[in-house]
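**Q** protein37.cif is the file, holding mmCIF, C-alpha atoms:
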```
data_upload
#
loop_
_atom_site.group_PDB
_atom_site.id
_atom_site.type_symbol
_atom_site.label_atom_id
_atom_site.label_comp_id
_atom_site.auth_asym_id
_atom_site.auth_seq_id
_atom_site.Cartn_x
_atom_site.Cartn_y
_atom_site.Cartn_z
ATOM 1 C CA MET L 1 0.000 0.000 0.000
ATOM 2 C CA GLU L 2 1.463 3.328 -1.025
ATOM 3 C CA ASP L 3 2.754 5.304 1.967
ATOM 4 C CA GLY L 4 1.621 2.519 4.310
ATOM 5 C CA PRO L 5 3.826 1.194 7.107
ATOM 6 C CA ASP L 6 5.984 -1.871 6.502
ATOM 7 C CA CYS L 7 4.323 -3.668 9.386
ATOM 8 C CA ILE L 8 1.023 -3.375 11.248
ATOM 9 C CA LYS L 9 0.176 -5.511 14.258
ATOM 10 C CA SER L 10 -3.389 -6.425 15.149
ATOM 11 C CA ILE L 11 -4.618 -5.152 18.499
ATOM 12 C CA ILE L 12 -6.642 -8.368 18.852
ATOM 13 C CA ASP L 13 -4.848 -10.830 21.118
ATOM 14 C CA MET L 14 -5.309 -14.004 19.099
ATOM 15 C CA ASP L 15 -3.464 -16.079 21.705
ATOM 16 C CA THR L 16 -6.261 -15.225 24.144
ATOM 17 C CA VAL L 17 -8.903 -15.950 21.499
ATOM 18 C CA CYS L 18 -7.397 -19.379 20.874
ATOM 19 C CA LYS L 19 -7.104 -20.203 24.581
ATOM 20 C CA ARG L 20 -10.747 -19.296 25.156
ATOM 21 C CA VAL L 21 -12.072 -21.218 22.149
ATOM 22 C CA ASN L 22 -9.891 -24.255 22.839
ATOM 23 C CA GLY L 23 -10.963 -24.198 26.481
ATOM 24 C CA SER L 24 -14.650 -24.157 25.578
ATOM 25 C CA ASN L 25 -14.797 -27.920 24.853
ATOM 26 C CA MET L 26 -16.351 -27.375 21.411
ATOM 27 C CA GLY L 27 -14.421 -30.281 19.978
ATOM 28 C CA ILE L 28 -12.307 -28.136 17.666
ATOM 29 C CA THR L 29 -8.792 -26.810 18.039
ATOM 30 C CA VAL L 30 -7.679 -23.407 16.814
ATOM 31 C CA CYS L 31 -4.145 -22.025 16.766
ATOM 32 C CA VAL L 32 -2.286 -18.815 16.011
ATOM 33 C CA SER L 33 -0.235 -18.382 12.888
ATOM 34 C CA LYS L 34 2.039 -15.421 12.257
ATOM 35 C CA ASP L 35 1.731 -15.868 8.484
ATOM 36 C CA ALA L 36 -1.451 -14.865 6.630
ATOM 37 C CA GLY L 37 -0.124 -16.535 3.512
ATOM 38 C CA ARG L 38 1.043 -15.028 0.277
ATOM 39 C CA TYR L 39 -0.246 -12.480 -2.180
ATOM 40 C CA LEU L 40 -4.042 -12.234 -1.870
ATOM 41 C CA CYS L 41 -4.346 -13.406 1.756
ATOM 42 C CA ASP L 42 -1.429 -11.251 2.886
ATOM 43 C CA TYR L 43 -2.689 -8.236 0.943
ATOM 44 C CA THR L 44 -6.221 -8.646 2.334
ATOM 45 C CA TYR L 45 -4.935 -8.886 5.894
ATOM 46 C CA TYR L 46 -2.554 -5.927 5.549
ATOM 47 C CA THR L 47 -5.264 -3.777 3.954
ATOM 48 C CA SER L 48 -7.806 -4.646 6.643
ATOM 49 C CA LEU L 49 -5.262 -3.855 9.385
ATOM 50 C CA HIS L 50 -4.430 -0.544 7.748
ATOM 51 C CA GLN L 51 -8.039 0.478 7.137
ATOM 52 C CA GLY L 52 -9.190 -0.812 10.543
ATOM 53 C CA GLN L 53 -6.306 0.793 12.438
ATOM 54 C CA GLY L 54 -5.161 -2.570 13.774
ATOM 55 C CA ARG L 55 -8.667 -3.830 14.587
ATOM 56 C CA SER L 56 -8.555 -6.828 12.306
ATOM 57 C CA ALA L 57 -7.565 -10.470 12.220
ATOM 58 C CA PHE L 58 -7.217 -13.066 9.493
ATOM 59 C CA VAL L 59 -8.579 -16.575 9.956
ATOM 60 C CA HIS L 60 -7.588 -19.487 7.728
ATOM 61 C CA VAL L 61 -10.261 -22.175 7.586
ATOM 62 C CA PRO L 62 -9.498 -25.815 6.721
ATOM 63 C CA PRO L 63 -11.294 -27.371 3.757
ATOM 64 C CA LEU L 64 -14.785 -28.769 4.298
ATOM 65 C CA GLY L 65 -14.904 -32.430 5.177
ATOM 66 C CA GLY L 66 -11.678 -32.647 7.096
ATOM 67 C CA PRO L 67 -10.712 -32.464 9.796
ATOM 68 C CA TYR L 68 -14.049 -30.869 10.772
ATOM 69 C CA SER L 69 -17.598 -30.981 9.423
ATOM 70 C CA SER L 70 -19.256 -27.848 8.072
ATOM 71 C CA GLY L 71 -21.282 -27.564 11.297
ATOM 72 C CA GLU L 72 -18.158 -27.790 13.445
ATOM 73 C CA LEU L 73 -16.393 -25.213 11.278
ATOM 74 C CA GLY L 74 -19.381 -22.882 11.520
ATOM 75 C CA ARG L 75 -19.557 -23.187 15.306
ATOM 76 C CA GLY L 76 -15.795 -22.753 15.578
ATOM 77 C CA LEU L 77 -15.745 -19.638 13.409
ATOM 78 C CA GLN L 78 -18.666 -18.216 15.329
ATOM 79 C CA ALA L 79 -16.791 -18.791 18.602
ATOM 80 C CA VAL L 80 -13.620 -17.177 17.225
ATOM 81 C CA VAL L 81 -15.498 -14.089 16.003
ATOM 82 C CA LYS L 82 -17.385 -13.817 19.305
ATOM 83 C CA GLU L 83 -14.127 -13.897 21.285
ATOM 84 C CA MET L 84 -12.488 -11.356 18.976
ATOM 85 C CA MET L 85 -15.464 -9.031 19.388
ATOM 86 C CA SER L 86 -15.359 -9.386 23.168
ATOM 87 C CA LEU L 87 -11.685 -8.366 23.138
ATOM 88 C CA LEU L 88 -12.462 -5.372 20.921
ATOM 89 C CA ASP L 89 -15.095 -4.296 23.441
ATOM 90 C CA THR L 90 -12.303 -3.966 26.010
ATOM 91 C CA ASP L 91 -11.299 -0.380 26.656
ATOM 92 C CA TYR L 92 -7.580 -0.103 25.963
ATOM 93 C CA THR L 93 -5.608 2.778 27.372
ATOM 94 C CA GLU L 94 -3.671 4.888 24.891
ATOM 95 C CA GLU L 95 -0.431 3.375 26.232
ATOM 96 C CA GLU L 96 -1.710 -0.204 25.782
ATOM 97 C CA GLN L 97 -2.717 0.572 22.204
ATOM 98 C CA LYS L 98 0.696 2.136 21.534
ATOM 99 C CA ASP L 99 2.540 -0.868 23.019
ATOM 100 C CA ASN L 100 0.531 -3.298 20.898
ATOM 101 C CA LYS L 101 1.526 -1.727 17.612
ATOM 102 C CA CYS L 102 4.398 -2.294 15.293
ATOM 103 C CA CYS L 103 6.088 0.167 12.947
ATOM 104 C CA HIS L 104 4.451 3.507 13.829
ATOM 105 C CA HIS L 105 0.897 2.839 12.626
ATOM 106 C CA LYS L 106 -1.233 5.910 13.329
ATOM 107 C CA GLN L 107 -4.603 5.671 15.112
#
```
Rewrite the coordinates I just gave you, this time as structure tokens.
**A**
Amino acid sequence: MEDGPDCIKSIIDMDTVCKRVNGSNMGITVCVSKDAGRYLCDYTYYTSLHQGQGRSAFVHVPPLGGPYSSGELGRGLQAVVKEMMSLLDTDYTEEEQKDNKCCHHKQ
């Protein structure tokens, strides 16, 4: 993105999201990845972080039929989004927001 920072870090704590979803006994396991992928996935994630001022996350979903059914995937995604939204509802101090950023992204 022209004039965009080299790096933008999400303010959503995905480690916490994963711990909460995995601890909910839904029968699915989610994990954090530090790589959104290449080209389109990476561009989509970067753009959403830039436009959303760090209030974004990218979720890769396994193919239907394995290792989870479509119902399990749906429930798992719903749980992930719910946890992300609950973290976004948290009031962060200006200092916490500053500490959670990378590469001088402006609010």
**Q** For the structure shown, which residues end up in the PyMOL selection byres ((chain L and resi 27-38) around 9)? Put them as a list of chain:residue names, please?
**A** L:Met14, L:Asp15, L:Val17, L:Cys18, L:Lys19, L:Val21, L:Asn22, L:Ser24, L:Asn25, L:Met26, L:Tyr39, L:Leu40, L:Cys41, L:Asp42, L:Tyr43, L:Thr44, L:Tyr45, L:Phe58, L:Val59, L:His60, L:Tyr68, L:Glu72, L:Leu73, L:Gly76, L:Val80
**Q** Name the residues that the PyMOL selection byres ((chain L and resi 83) around 9) picks from the file above, as a list in words, using the file's chain letters and numbers.
**A** Thr16, Val17, Cys18, Arg20, Val21, Gln78, Ala79, Val80, Val81, Lys82, Met84, Met85, Ser86, Leu87 and Leu88 of chain L
**Q** Rounded to one decimal place, report the atom CA of L:Asp89-atom CA of L:Pro5 distance in Å.
**A**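 One can read the atom CA of L:Asp89 to atom CA of L:Pro5 distance as 25.6 Å.
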**Q** Quick check, in Å to one decimal: how far apart do atom CA of L:Tyr46 and atom CA of L:Glu2 lie?
**A**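 These two atoms are separated by 12.0 Å.
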**Q** Atom CA of L:Thr90 and atom CA of L:Val61 are how many Å apart?
**A**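 Value for the atom CA of L:Thr90-atom CA of L:Val61 distance: 26.0 Å.
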**Q** Using 8 Å of padding on each side, determine the axis-aligned box around all atoms of stretch 82-86 of chain L present in the file and give its centre and edge lengths in Å to one decimal, as AutoDock Vina command-line options.
**A**
```
--center_x -14.9 --center_y -11.5 --center_z 21.1 --size_x 20.9 --size_y 20.9 --size_z 20.2
```
**Q** Once the PyMOL selection byres ((chain L and resi 55) around 7) has been evaluated on this model, what residues remain selected, and can you format them as a list in words?
**A**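 So the PyMOL selection byres ((chain L and resi 55) around 7) ends up selecting Ser10, Ile11, Ile12, Leu49, Gly52, Gln53, Gly54 and Ser56 of chain L.
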